$ cat structure03.csv   # CSV, C-alpha atoms (C1' of nucleotides)
chain,number,residue,atom,x,y,z
A,163,MET,CA,-4.5,-32.3,-28.4
A,164,ILE,CA,-6.4,-32.7,-25.2
A,165,ASP,CA,-3.2,-32.4,-23.3
A,166,LYS,CA,-2.3,-29.3,-25.1
A,167,GLU,CA,-5.6,-27.7,-24.4
A,168,ALA,CA,-5.4,-28.6,-20.7
A,169,ALA,CA,-1.9,-27.1,-20.5
A,170,ASP,CA,-3.3,-23.9,-22.2
A,171,LEU,CA,-6.1,-23.7,-19.7
A,172,LEU,CA,-3.6,-24.2,-16.9
A,173,SER,CA,-1.2,-21.5,-18.0
A,174,GLN,CA,-4.1,-19.2,-18.7
A,175,ALA,CA,-5.4,-19.7,-15.1
A,176,ARG,CA,-1.9,-19.2,-13.8
A,177,ASP,CA,-1.4,-16.0,-15.7
A,178,GLU,CA,-4.6,-14.6,-14.3
A,179,PHE,CA,-3.6,-15.6,-10.8
A,180,VAL,CA,-0.2,-13.9,-11.2
A,181,ALA,CA,-2.0,-10.7,-12.4
A,182,GLN,CA,-4.5,-10.8,-9.6
A,183,TRP,CA,-1.9,-11.4,-6.9
A,184,GLY,CA,0.1,-8.5,-8.3
A,185,ALA,CA,-2.9,-6.2,-8.2
A,186,MET,CA,-3.7,-7.2,-4.7
A,187,GLY,CA,-0.1,-6.6,-3.5
A,188,ASN,CA,-0.3,-3.3,-5.2
A,189,ALA,CA,-3.4,-2.2,-3.3
A,190,TRP,CA,-1.7,-3.2,0.0
A,191,GLY,CA,1.5,-1.2,-0.6
A,192,ILE,CA,3.6,-4.0,-2.2
A,193,ASN,CA,5.4,-3.5,-5.5
A,194,ARG,CA,3.3,-5.2,-8.2
A,195,THR,CA,6.2,-7.0,-9.8
A,196,MET,CA,7.4,-8.4,-6.5
A,197,ALA,CA,3.9,-9.8,-5.9
A,198,GLN,CA,3.8,-11.2,-9.4
A,199,ILE,CA,7.2,-13.0,-9.0
A,200,HIS,CA,5.9,-14.3,-5.7
A,201,ALA,CA,2.8,-15.6,-7.3
A,202,LEU,CA,4.8,-17.2,-10.1
A,203,LEU,CA,7.1,-19.0,-7.7
A,204,MET,CA,4.3,-20.0,-5.4
A,205,THR,CA,2.6,-21.9,-8.2
A,206,SER,CA,5.7,-23.4,-9.8
A,207,ASP,CA,6.4,-27.1,-9.4
A,208,ARG,CA,10.1,-26.4,-9.4
A,209,PRO,CA,12.6,-23.6,-8.5
A,210,LEU,CA,13.1,-21.1,-11.3
A,211,THR,CA,16.1,-19.1,-12.4
A,212,THR,CA,16.3,-15.3,-12.8
A,213,ASP,CA,16.1,-15.9,-16.6
A,214,GLU,CA,13.0,-17.9,-16.4
A,215,VAL,CA,11.3,-15.3,-14.2
A,216,MET,CA,12.4,-12.6,-16.7
A,217,ALA,CA,11.0,-14.6,-19.6
A,218,ASP,CA,7.8,-15.5,-17.9
A,219,LEU,CA,6.9,-12.0,-16.8
A,220,LYS,CA,8.6,-10.2,-19.6
A,221,ILE,CA,10.7,-8.0,-17.4
A,222,SER,CA,14.4,-7.0,-17.4
A,223,ARG,CA,17.2,-8.7,-15.6
A,224,GLY,CA,17.7,-5.8,-13.2
A,225,ASN,CA,14.0,-5.8,-12.3
A,226,ALA,CA,13.8,-9.5,-11.8
A,227,HIS,CA,17.0,-9.5,-9.8
A,228,GLN,CA,16.0,-6.7,-7.4
A,229,ASN,CA,12.6,-8.1,-6.7
A,230,LEU,CA,13.9,-11.6,-6.1
A,231,ARG,CA,16.4,-10.2,-3.6
A,232,GLU,CA,13.7,-8.3,-1.9
A,233,LEU,CA,11.5,-11.4,-1.6
A,234,THR,CA,14.5,-13.2,-0.2
A,235,GLY,CA,14.9,-10.4,2.3
A,236,TRP,CA,11.3,-10.9,3.4
A,237,GLY,CA,11.9,-14.6,3.8
A,238,LEU,CA,9.2,-15.5,1.3
A,239,VAL,CA,11.7,-16.9,-1.2
A,240,ARG,CA,14.8,-19.0,-0.8
A,241,SER,CA,17.7,-19.4,-3.2
A,242,VAL,CA,18.6,-22.9,-4.1
A,243,ILE,CA,21.9,-24.0,-5.5
A,244,ARG,CA,22.1,-27.2,-7.4
A,245,LYS,CA,25.4,-29.0,-7.4
A,246,GLY,CA,27.1,-29.0,-10.8
A,247,GLU,CA,25.2,-26.0,-11.9
A,248,ARG,CA,26.3,-22.4,-11.8
A,249,LYS,CA,22.9,-20.8,-11.9
A,250,GLU,CA,21.0,-19.7,-8.8
A,251,TYR,CA,17.4,-21.0,-8.5
A,252,PHE,CA,14.6,-19.6,-6.5
A,253,GLU,CA,11.7,-21.2,-4.7
A,254,ALA,CA,8.9,-19.8,-2.7
A,255,GLU,CA,7.6,-20.8,0.7
A,256,LYS,CA,4.4,-22.6,-0.3
A,257,ASP,CA,2.8,-23.2,3.0
A,258,VAL,CA,0.1,-20.6,3.2
A,259,TRP,CA,0.1,-20.3,7.0
A,260,ARG,CA,3.9,-19.9,7.2
A,261,MET,CA,3.6,-17.3,4.4
A,262,PHE,CA,1.1,-15.3,6.5
A,263,CYS,CA,3.3,-15.5,9.6
A,264,ILE,CA,6.3,-14.2,7.7
A,265,VAL,CA,4.3,-11.3,6.2
A,266,ALA,CA,2.7,-10.5,9.5
A,267,ARG,CA,6.0,-10.5,11.4
A,268,GLU,CA,7.8,-8.5,8.8
A,269,ARG,CA,5.1,-5.8,8.4
A,270,LYS,CA,4.9,-5.7,12.2
A,271,ARG,CA,8.7,-5.1,12.5
A,272,ARG,CA,9.0,-2.7,9.6
A,273,GLU,CA,5.8,-0.6,9.9
A,274,ILE,CA,3.8,-1.2,13.0
A,275,GLU,CA,6.6,-1.0,15.5
A,276,PRO,CA,8.0,2.3,14.2
A,277,ALA,CA,4.5,3.7,14.3
A,278,LEU,CA,4.0,2.5,17.8
A,279,LYS,CA,7.3,4.1,18.9
A,280,ALA,CA,6.3,7.4,17.3
A,281,LEU,CA,2.9,7.3,19.0
A,282,LYS,CA,4.5,6.6,22.3
A,283,ALA,CA,6.9,9.6,21.8
A,284,CYS,CA,3.8,11.7,20.9
A,285,ASP,CA,2.1,10.6,24.1
A,286,GLU,CA,5.0,11.3,26.3
A,287,GLN,CA,5.5,14.8,24.7
A,288,THR,CA,1.9,15.8,25.6
A,289,ARG,CA,1.1,13.7,28.6
A,290,SER,CA,1.9,16.5,31.1
A,291,LEU,CA,0.6,19.4,29.1
A,292,ARG,CA,-2.2,21.5,30.5
A,293,GLY,CA,-5.2,23.0,28.7
A,294,GLU,CA,-8.3,21.6,27.2
A,295,LYS,CA,-6.8,21.1,23.7
A,296,ALA,CA,-3.7,19.4,24.9
A,297,VAL,CA,-5.6,17.1,27.1
A,298,ALA,CA,-8.0,16.1,24.3
A,299,PHE,CA,-5.1,15.6,21.9
A,300,ASN,CA,-3.3,13.4,24.4
A,301,ARG,CA,-6.5,11.4,25.1
A,302,GLN,CA,-6.9,10.7,21.4
A,303,ILE,CA,-3.3,9.7,20.9
A,304,ARG,CA,-3.6,7.3,23.9
A,305,ALA,CA,-6.7,5.7,22.5
A,306,LEU,CA,-4.9,5.1,19.2
A,307,LEU,CA,-1.8,3.8,21.1
A,308,GLU,CA,-3.9,1.4,23.0
A,309,PHE,CA,-5.6,0.1,19.9
A,310,VAL,CA,-2.6,-0.2,17.8
A,311,GLY,CA,-0.8,-1.9,20.7
A,312,GLN,CA,-3.5,-4.4,21.1
A,313,ALA,CA,-3.8,-5.2,17.4
A,314,ASP,CA,0.0,-5.6,17.3
A,315,SER,CA,-0.2,-8.1,20.2
A,316,VAL,CA,-3.0,-10.1,18.6
A,317,LEU,CA,-1.0,-10.3,15.4
A,318,ASP,CA,2.0,-11.3,17.3
A,319,ARG,CA,0.3,-14.1,19.2
A,320,VAL,CA,-1.5,-15.4,16.1
A,321,SER,CA,1.6,-15.4,14.0
A,322,ARG,CA,3.6,-17.1,16.7
A,323,SER,CA,1.0,-19.9,17.3
A,324,GLU,CA,2.0,-23.2,15.8
A,325,GLY,CA,-0.6,-24.6,13.4
A,326,SER,CA,-2.9,-22.8,11.0
A,327,SER,CA,-5.7,-24.4,13.1
A,328,ILE,CA,-5.8,-21.2,15.1
A,329,LEU,CA,-7.8,-19.4,12.4
A,330,PRO,CA,-10.8,-21.8,12.3
A,331,LEU,CA,-10.6,-21.9,16.0
A,332,LEU,CA,-10.9,-18.1,16.2
A,333,LEU,CA,-13.8,-18.2,13.8
A,334,LYS,CA,-15.6,-20.7,15.9
A,335,MET,CA,-15.3,-18.6,19.0
A,336,LEU,CA,-16.4,-15.5,17.2
A,337,THR,CA,-19.4,-17.2,15.8
A,338,LYS,CA,-20.4,-18.4,19.2
A,339,SER,CA,-20.0,-15.1,21.0
A,340,LYS,CA,-21.9,-13.1,18.5
A,341,ASN,CA,-25.1,-13.4,16.4
B,259,MET,CA,4.8,32.7,28.0
B,260,ILE,CA,4.3,29.2,29.5
B,261,ASP,CA,1.0,29.0,27.6
B,262,LYS,CA,2.7,29.8,24.4
B,263,GLU,CA,5.4,27.2,24.9
B,264,ALA,CA,2.8,24.6,25.8
B,265,ALA,CA,0.9,25.5,22.6
B,266,ASP,CA,4.1,25.1,20.6
B,267,LEU,CA,4.8,21.7,22.1
B,268,LEU,CA,1.3,20.6,21.3
B,269,SER,CA,1.4,21.8,17.7
B,270,GLN,CA,4.8,20.2,17.3
B,271,ALA,CA,3.6,16.9,18.6
B,272,ARG,CA,0.6,17.1,16.4
B,273,ASP,CA,2.7,17.8,13.3
B,274,GLU,CA,4.8,14.8,14.1
B,275,PHE,CA,1.7,12.7,14.5
B,276,VAL,CA,0.3,13.9,11.2
B,277,ALA,CA,3.6,13.1,9.4
B,278,GLN,CA,3.8,9.7,11.0
B,279,TRP,CA,0.2,8.8,10.2
B,280,GLY,CA,0.8,9.9,6.6
B,281,ALA,CA,3.9,7.7,6.3
B,282,MET,CA,2.1,4.7,7.8
B,283,GLY,CA,-0.8,5.1,5.4
B,284,ASN,CA,1.6,5.3,2.6
B,285,ALA,CA,3.2,2.0,3.5
B,286,TRP,CA,-0.2,0.4,3.6
B,287,GLY,CA,-1.3,1.6,0.2
B,288,ILE,CA,-3.1,4.7,1.2
B,289,ASN,CA,-2.4,8.1,-0.3
B,290,ARG,CA,-0.1,10.0,2.0
B,291,THR,CA,-2.1,13.3,1.9
B,292,MET,CA,-5.3,11.5,2.6
B,293,ALA,CA,-3.9,9.9,5.7
B,294,GLN,CA,-2.5,13.3,6.8
B,295,ILE,CA,-5.8,15.0,6.5
B,296,HIS,CA,-7.4,12.2,8.4
B,297,ALA,CA,-4.8,12.6,11.2
B,298,LEU,CA,-5.4,16.3,11.2
B,299,LEU,CA,-9.1,16.0,11.6
B,300,MET,CA,-8.8,13.2,14.1
B,301,THR,CA,-6.9,15.4,16.4
B,302,SER,CA,-8.8,18.6,15.9
B,303,ASP,CA,-11.1,19.9,18.6
B,304,ARG,CA,-13.5,21.2,16.0
B,305,PRO,CA,-14.6,20.6,12.4
B,306,LEU,CA,-12.3,22.3,9.8
B,307,THR,CA,-12.9,23.9,6.4
B,308,THR,CA,-11.2,23.0,3.2
B,309,ASP,CA,-9.2,26.3,3.5
B,310,GLU,CA,-8.0,25.4,7.0
B,311,VAL,CA,-6.8,22.0,5.8
B,312,MET,CA,-5.1,23.6,2.9
B,313,ALA,CA,-3.3,26.1,5.1
B,314,ASP,CA,-2.4,23.6,7.7
B,315,LEU,CA,-0.9,21.0,5.4
B,316,LYS,CA,0.2,23.5,2.7
B,317,ILE,CA,-1.6,21.8,-0.1
B,318,SER,CA,-3.7,23.1,-3.0
B,319,ARG,CA,-7.4,23.5,-3.0
B,320,GLY,CA,-7.9,20.7,-5.5
B,321,ASN,CA,-5.8,18.3,-3.5
B,322,ALA,CA,-7.5,19.1,-0.2
B,323,HIS,CA,-10.9,18.8,-1.9
B,324,GLN,CA,-10.3,15.5,-3.6
B,325,ASN,CA,-8.9,13.8,-0.5
B,326,LEU,CA,-11.7,15.2,1.8
B,327,ARG,CA,-14.1,13.7,-0.7
B,328,GLU,CA,-12.3,10.4,-0.7
B,329,LEU,CA,-12.3,10.3,3.1
B,330,THR,CA,-16.0,11.0,3.1
B,331,GLY,CA,-16.4,8.1,0.7
B,332,TRP,CA,-14.7,5.8,3.1
B,333,GLY,CA,-16.9,7.0,5.8
B,334,LEU,CA,-14.0,8.2,8.0
B,335,VAL,CA,-15.0,11.9,7.6
B,336,ARG,CA,-18.4,13.6,7.8
B,337,SER,CA,-19.3,17.0,6.3
B,338,VAL,CA,-20.9,19.4,8.7
B,339,ILE,CA,-23.0,22.4,7.7
B,340,ARG,CA,-23.5,25.2,10.2
B,341,LYS,CA,-26.6,27.2,9.8
B,342,GLY,CA,-26.0,30.7,8.7
B,343,GLU,CA,-22.7,29.8,7.2
B,344,ARG,CA,-21.9,29.0,3.6
B,345,LYS,CA,-18.7,27.1,4.1
B,346,GLU,CA,-18.6,23.3,4.5
B,347,TYR,CA,-16.9,21.9,7.6
B,348,PHE,CA,-15.4,18.4,8.0
B,349,GLU,CA,-15.0,16.3,11.1
B,350,ALA,CA,-13.5,12.9,11.5
B,351,GLU,CA,-14.8,9.8,13.2
B,352,LYS,CA,-12.8,9.8,16.4
B,353,ASP,CA,-13.8,6.6,18.0
B,354,VAL,CA,-10.8,4.3,17.3
B,355,TRP,CA,-12.8,1.1,17.2
B,356,ARG,CA,-15.4,2.5,14.8
B,357,MET,CA,-12.5,3.8,12.7
B,358,PHE,CA,-11.1,0.3,12.6
B,359,CYS,CA,-14.4,-1.3,11.7
B,360,ILE,CA,-14.9,1.2,8.8
B,361,VAL,CA,-11.4,0.6,7.4
B,362,ALA,CA,-11.8,-3.2,7.8
B,363,ARG,CA,-15.1,-3.3,6.0
B,364,GLU,CA,-14.1,-1.0,3.2
B,365,ARG,CA,-10.8,-2.8,2.5
B,366,LYS,CA,-12.7,-6.1,2.6
B,367,ARG,CA,-15.2,-4.8,0.2
B,368,ARG,CA,-12.8,-3.1,-2.2
B,369,GLU,CA,-9.9,-5.5,-2.2
B,370,ILE,CA,-10.4,-8.8,-0.4
B,371,GLU,CA,-13.7,-9.7,-2.0
B,372,PRO,CA,-12.6,-9.1,-5.6
B,373,ALA,CA,-9.4,-11.1,-4.8
B,374,LEU,CA,-11.5,-13.9,-3.4
B,375,LYS,CA,-13.8,-13.9,-6.5
B,376,ALA,CA,-10.7,-14.1,-8.7
B,377,LEU,CA,-9.3,-17.0,-6.7
B,378,LYS,CA,-12.6,-18.8,-6.9
B,379,ALA,CA,-12.7,-18.4,-10.7
B,380,CYS,CA,-9.1,-19.7,-10.8
B,381,ASP,CA,-10.0,-22.7,-8.7
B,382,GLU,CA,-13.0,-23.5,-10.9
B,383,GLN,CA,-11.0,-23.2,-14.1
B,384,THR,CA,-8.5,-25.8,-12.9
B,385,ARG,CA,-10.5,-28.0,-10.6
B,386,SER,CA,-11.2,-30.7,-13.2
B,387,LEU,CA,-7.9,-30.5,-15.0
B,388,ARG,CA,-5.7,-33.6,-15.2
B,389,GLY,CA,-2.0,-33.9,-14.9
B,390,GLU,CA,0.4,-33.6,-12.0
B,391,LYS,CA,1.1,-29.9,-12.7
B,392,ALA,CA,-2.6,-28.9,-12.9
B,393,VAL,CA,-3.4,-30.8,-9.7
B,394,ALA,CA,-0.6,-29.2,-7.8
B,395,PHE,CA,-1.6,-25.8,-9.0
B,396,ASN,CA,-5.2,-26.3,-8.1
B,397,ARG,CA,-4.2,-27.5,-4.6
B,398,GLN,CA,-2.1,-24.4,-4.0
B,399,ILE,CA,-4.9,-22.1,-5.2
B,400,ARG,CA,-7.4,-23.9,-2.9
B,401,ALA,CA,-5.1,-23.5,0.1
B,402,LEU,CA,-4.8,-19.8,-0.6
B,403,LEU,CA,-8.6,-19.6,-1.1
B,404,GLU,CA,-9.3,-21.3,2.2
B,405,PHE,CA,-6.9,-19.1,4.0
B,406,VAL,CA,-8.0,-15.8,2.5
B,407,GLY,CA,-11.6,-16.9,3.0
B,408,GLN,CA,-11.1,-17.6,6.7
B,409,ALA,CA,-9.1,-14.4,7.3
B,410,ASP,CA,-12.0,-12.6,5.6
B,411,SER,CA,-14.5,-14.2,7.9
B,412,VAL,CA,-12.5,-13.4,11.0
B,413,LEU,CA,-12.2,-9.8,9.9
B,414,ASP,CA,-15.9,-9.7,9.2
B,415,ARG,CA,-16.9,-11.1,12.5
B,416,VAL,CA,-14.5,-8.9,14.5
B,417,SER,CA,-15.5,-5.8,12.7
B,418,ARG,CA,-19.2,-6.5,13.2
B,419,SER,CA,-18.9,-7.2,16.9
B,420,GLU,CA,-20.2,-4.5,19.1
B,421,GLY,CA,-17.6,-3.1,21.5
B,422,SER,CA,-13.9,-2.8,21.1
B,423,SER,CA,-13.7,-5.2,24.1
B,424,ILE,CA,-13.4,-8.0,21.6
B,425,LEU,CA,-9.7,-7.2,21.1
B,426,PRO,CA,-8.6,-7.6,24.8
B,427,LEU,CA,-10.8,-10.6,24.9
B,428,LEU,CA,-9.1,-12.2,21.9
B,429,LEU,CA,-5.7,-11.4,23.5
B,430,LYS,CA,-6.6,-13.1,26.7
B,431,MET,CA,-7.7,-16.2,24.9
B,432,LEU,CA,-4.6,-16.3,22.7
B,433,THR,CA,-2.4,-15.8,25.8
B,434,LYS,CA,-4.0,-18.8,27.5
B,435,SER,CA,-3.9,-21.1,24.6
B,436,LYS,CA,-0.2,-20.6,23.8
B,437,ASN,CA,3.1,-20.1,25.6
C,79,DT,C1',45.9,-18.1,-15.3
C,80,DG,C1',42.3,-17.0,-18.9
C,81,DA,C1',37.8,-17.8,-20.8
C,82,DT,C1',33.1,-18.0,-19.7
C,83,DA,C1',29.0,-17.8,-16.9
C,84,DT,C1',26.4,-15.4,-13.7
C,85,DT,C1',25.2,-11.8,-10.6
C,86,DT,C1',25.1,-7.1,-9.2
C,87,DT,C1',24.8,-2.3,-9.7
C,88,DC,C1',22.9,2.0,-11.1
C,89,DA,C1',22.4,6.1,-14.2
C,90,DG,C1',19.0,7.0,-17.4
C,91,DT,C1',14.3,6.5,-18.7
C,92,DA,C1',9.5,5.3,-18.5
C,93,DT,C1',5.4,4.9,-16.0
C,94,DT,C1',2.3,5.7,-12.5
C,95,DT,C1',0.5,8.5,-9.1
C,96,DA,C1',-0.2,12.8,-6.8
C,97,DT,C1',-0.7,17.8,-7.0
C,98,DT,C1',-1.5,22.3,-8.7
C,99,DG,C1',-4.1,26.2,-10.1
C,100,DA,C1',-7.3,28.3,-12.6
C,101,DA,C1',-11.7,28.0,-15.1
C,102,DA,C1',-16.3,26.3,-14.8
C,103,DA,C1',-20.2,25.1,-12.2
C,104,DT,C1',-23.0,25.7,-8.4
C,105,DA,C1',-25.1,27.7,-4.4
C,106,DT,C1',-26.4,31.6,-1.5
C,107,DG,C1',-28.0,36.0,-0.1
C,108,DA,C1',-29.5,40.8,-1.3
D,250,DT,C1',-32.1,39.1,-11.1
D,251,DC,C1',-27.2,40.0,-10.1
D,252,DA,C1',-23.1,39.9,-7.3
D,253,DT,C1',-20.5,37.0,-4.5
D,254,DA,C1',-19.0,32.9,-2.0
D,255,DT,C1',-17.9,28.3,-2.4
D,256,DT,C1',-17.2,23.9,-4.5
D,257,DT,C1',-16.0,21.1,-8.3
D,258,DT,C1',-13.4,19.7,-12.2
D,259,DC,C1',-9.5,18.6,-14.9
D,260,DA,C1',-5.6,19.6,-18.1
D,261,DA,C1',-1.0,20.5,-17.2
D,262,DT,C1',2.8,19.6,-14.2
D,263,DA,C1',5.5,17.7,-10.6
D,264,DA,C1',7.0,14.1,-7.8
D,265,DA,C1',7.5,9.4,-6.7
D,266,DT,C1',8.2,4.9,-8.0
D,267,DA,C1',9.4,1.3,-11.0
D,268,DC,C1',12.0,-0.6,-14.9
D,269,DT,C1',15.7,-1.1,-18.3
D,270,DG,C1',19.9,-2.4,-20.1
D,271,DA,C1',24.5,-2.4,-20.2
D,272,DA,C1',28.8,-2.1,-17.8
D,273,DA,C1',31.3,-3.7,-13.8
D,274,DA,C1',32.0,-7.1,-10.5
D,275,DT,C1',32.2,-11.7,-9.1
D,276,DA,C1',32.2,-16.6,-9.4
D,277,DT,C1',33.4,-21.0,-11.7
D,278,DC,C1',35.6,-24.1,-14.5
D,279,DA,C1',39.4,-26.0,-17.3
$ encode --input "structure03.csv" --output "C-alpha cells"
Amino acid sequence: MIDKEAADLLSQARDEFVAQWGAMGNAWGINRTMAQIHALLMTSDRPLTTDEVMADLKISRGNAHQNLRELTGWGLVRSVIRKGERKEYFEAEKDVWRMFCIVARERKRREIEPALKALKACDEQTRSLRGEKAVAFNRQIRALLEFVGQADSVLDRVSRSEGSSILPLLLKMLTKSKN
Amino acid sequence: MIDKEAADLLSQARDEFVAQWGAMGNAWGINRTMAQIHALLMTSDRPLTTDEVMADLKISRGNAHQNLRELTGWGLVRSVIRKGERKEYFEAEKDVWRMFCIVARERKRREIEPALKALKACDEQTRSLRGEKAVAFNRQIRALLEFVGQADSVLDRVSRSEGSSILPLLLKMLTKSKN
DNA sequence: TGATATTTTCAGTATTTATTGAAAATATGA
DNA sequence: TCATATTTTCAATAAATACTGAAAATATCA
C-alpha cells in the first residue's frame, strides 16, 4: 500500500510538472503539446512509443506524431529503434545544459538571425537618407541592431562553451562587479 | 521630388521594421499587434494618439486601445498629456538597454518566477520518495530547478546592472575564456 | 508475395486568441 | 448644467492555431 501511495504521489507530481512545462512553453511561443511531450520524455526512465505518449497525454495519433517529429527536428528528442521490434521509441535529451544549448542555437538560427538580417537591411536602406526624421530613425535602428547583435553573440558564446559551469561562473562575476 | 522620394524610402523602411518586429514578437509569445505598436512608437519622433496608431496600422479603436494599455502595463510605453489638449498621447521608451531591462524583469516576474515556484513544489513533493523511479524523477527536477534558478539570477543581475556596457564586457570575457 | 504492424498525411473540426465596432462611461469646456 | 470629445468596455466575429481521426503510404515479417 505504501508503494502504491508513493507511485501515486510520483505520477501526480509528474503530471503537474508536465502541465507547468506546457504552460511555460506556451508563454514563450512554443506549442503547449510539444512542451508537454518534451516534459514527459524528459522525466521518463525509458524511451516511449507514440502510443504511450498518446495514452499518457490523451491526445490523438496525428497530434503526438507531429509534435514528436518537431521535437526531433529541434534535436531535443531522438528516435530509438530496438532490434526485434517494429515500433519506434522516443527519448529526450536529459542533460539540462545540452538542452539549453540546443534551444539557444535553434532559436538563434530560426528567429534572431532573420531578425538581425532584416534590421541590417533596414539600416542600409536608411543610412544615407537626409533629414532629421530619417537620421533619428536610422540611429534608433542602429541602436537596436547593436544590442541584438551583442545579445546574439553572448548567447552564441555561452551556448558553445563546454561545461554548464559557465553559468555559476558568470553569476560569480556579476555578483562581484555589482552591489 | 527628392524629398518626397526620401520620405517614401523612410516610411517603407519603417513599415518593414514594424512588420518584422511584430513577427519576432509573435515568435516569442507576444501579441503581434502589441509588438507592432511598440515598433511604431519606438521609431516615432513624437508621441502618437490612439487615432494615429489606428490609422497607421489599420486597426480598430478597441484593438489599439487594449494593446496601448498592455504596453503601458509592461512599462514600455508612457502616456503623455499635453496641456490644453484633451487627447492622450503615447510615447515609447527608446533606450534599448532600458527596454531590455524592462522586458527581462517583466518576463522574469510573470513567467520564470511562477515556473520556479512550481518546480520547487514538485521537488518538495518528491524529495523524500523512495524507489528508483522517484529518485530519478527528483534528480531531473532538481537539475532543471538549479539551471532555471541560475539563469534567473543571471538575468536578474544583468538587468539590474547600470549601463548597457555590461554586454560588451560579458562578450569580452567569454571571448577570452573560450576558443 | 500477402498479411500485418506502424507511420505519415491532411481535410475537417475544435479551440484559442485576436479584433472589431458600437454602446456605455467618463472627462472636459462653455 | 448641457453638449461634445475622448476613453473604456465587451459581446459578437474573425482569424490563427492546434487537434482529430481515418485513409493512404510504408515497412516488416513469414
$ closest_atom_pairs --input "structure03.csv" --of "chain C" --to "chain A" --cutoff "12 Å" --atoms "all atoms listed in the file" --output "JSON lines"
{"residue": "C:DT82", "atom": "C1'", "partner": "A:Arg248", "partner_atom": "CA", "distance": 11.3}
{"residue": "C:DA83", "atom": "C1'", "partner": "A:Arg248", "partner_atom": "CA", "distance": 7.4}
{"residue": "C:DT84", "atom": "C1'", "partner": "A:Lys249", "partner_atom": "CA", "distance": 6.7}
{"residue": "C:DT85", "atom": "C1'", "partner": "A:His227", "partner_atom": "CA", "distance": 8.6}
{"residue": "C:DT86", "atom": "C1'", "partner": "A:His227", "partner_atom": "CA", "distance": 8.5}
{"residue": "C:DT87", "atom": "C1'", "partner": "A:Gly224", "partner_atom": "CA", "distance": 8.7}
{"residue": "C:DC88", "atom": "C1'", "partner": "A:Gly224", "partner_atom": "CA", "distance": 9.6}
{"residue": "C:DT94", "atom": "C1'", "partner": "A:Arg194", "partner_atom": "CA", "distance": 11.8}
$ closest_atom_pairs --input "structure03.csv" --of "segment 261-291 of chain B" --to "segment 262-269 of chain D" --cutoff "12 Å" --atoms "only C-alpha atoms (C1' of nucleotides)" --output "JSON lines"
{"residue": "B:Asn284", "atom": "CA", "partner": "D:DA265", "partner_atom": "C1'", "distance": 11.8}
{"residue": "B:Asn289", "atom": "CA", "partner": "D:DA265", "partner_atom": "C1'", "distance": 11.9}
{"residue": "B:Arg290", "atom": "CA", "partner": "D:DA265", "partner_atom": "C1'", "distance": 11.6}
$ interface_residues --input "structure03.csv" --of "chain B" --to "chain A" --cutoff "6 Å" --atoms "only C-alpha atoms" --output "PyMOL selection string"
chain B and resi 271+285-287+301+380+395+412+429
$ atom_distance --input "structure03.csv" --atom1 "atom CA of Glu351 of chain B" --atom2 "atom CA of Gly331 of chain B"
12.7 Å
$ closest_residue --input "structure03.csv" --among "C:DA96, C:DA89, C:DA105, C:DA81" --to "DA271 of chain D" --atoms "all atoms listed in the file"
C:DA89
$ residues_around --input "structure03.csv" --residues "Asn229 of chain A" --least-positions-apart "3" --cutoff "8 Å" --atoms "only C-alpha atoms (C1' of nucleotides)" --output "list of chain:residue names"
A:Thr195, A:Met196, A:Ile199, A:Asn225, A:Ala226, A:Glu232, A:Leu233
$ interface_residues --input "structure03.csv" --of "chain D" --to "chain B" --cutoff "10 Å" --atoms "only C-alpha atoms (C1' of nucleotides)" --output "PyMOL selection string"
chain D and resi 254-259
$ atom_distance --input "structure03.csv" --atom1 "atom CA of Leu202 of chain A" --atom2 "atom CA of Asp218 of chain A"
8.5 Å
$ atom_distance --input "structure03.csv" --atom1 "atom CA of Glu214 of chain A" --atom2 "atom CA of Leu230 of chain A"
12.1 Å
$ closest_residue --input "structure03.csv" --among "A:Ser321, A:Thr234, A:Gln198, A:Ser241" --to "Ile221 of chain A" --atoms "only C-alpha atoms"
A:Gln198
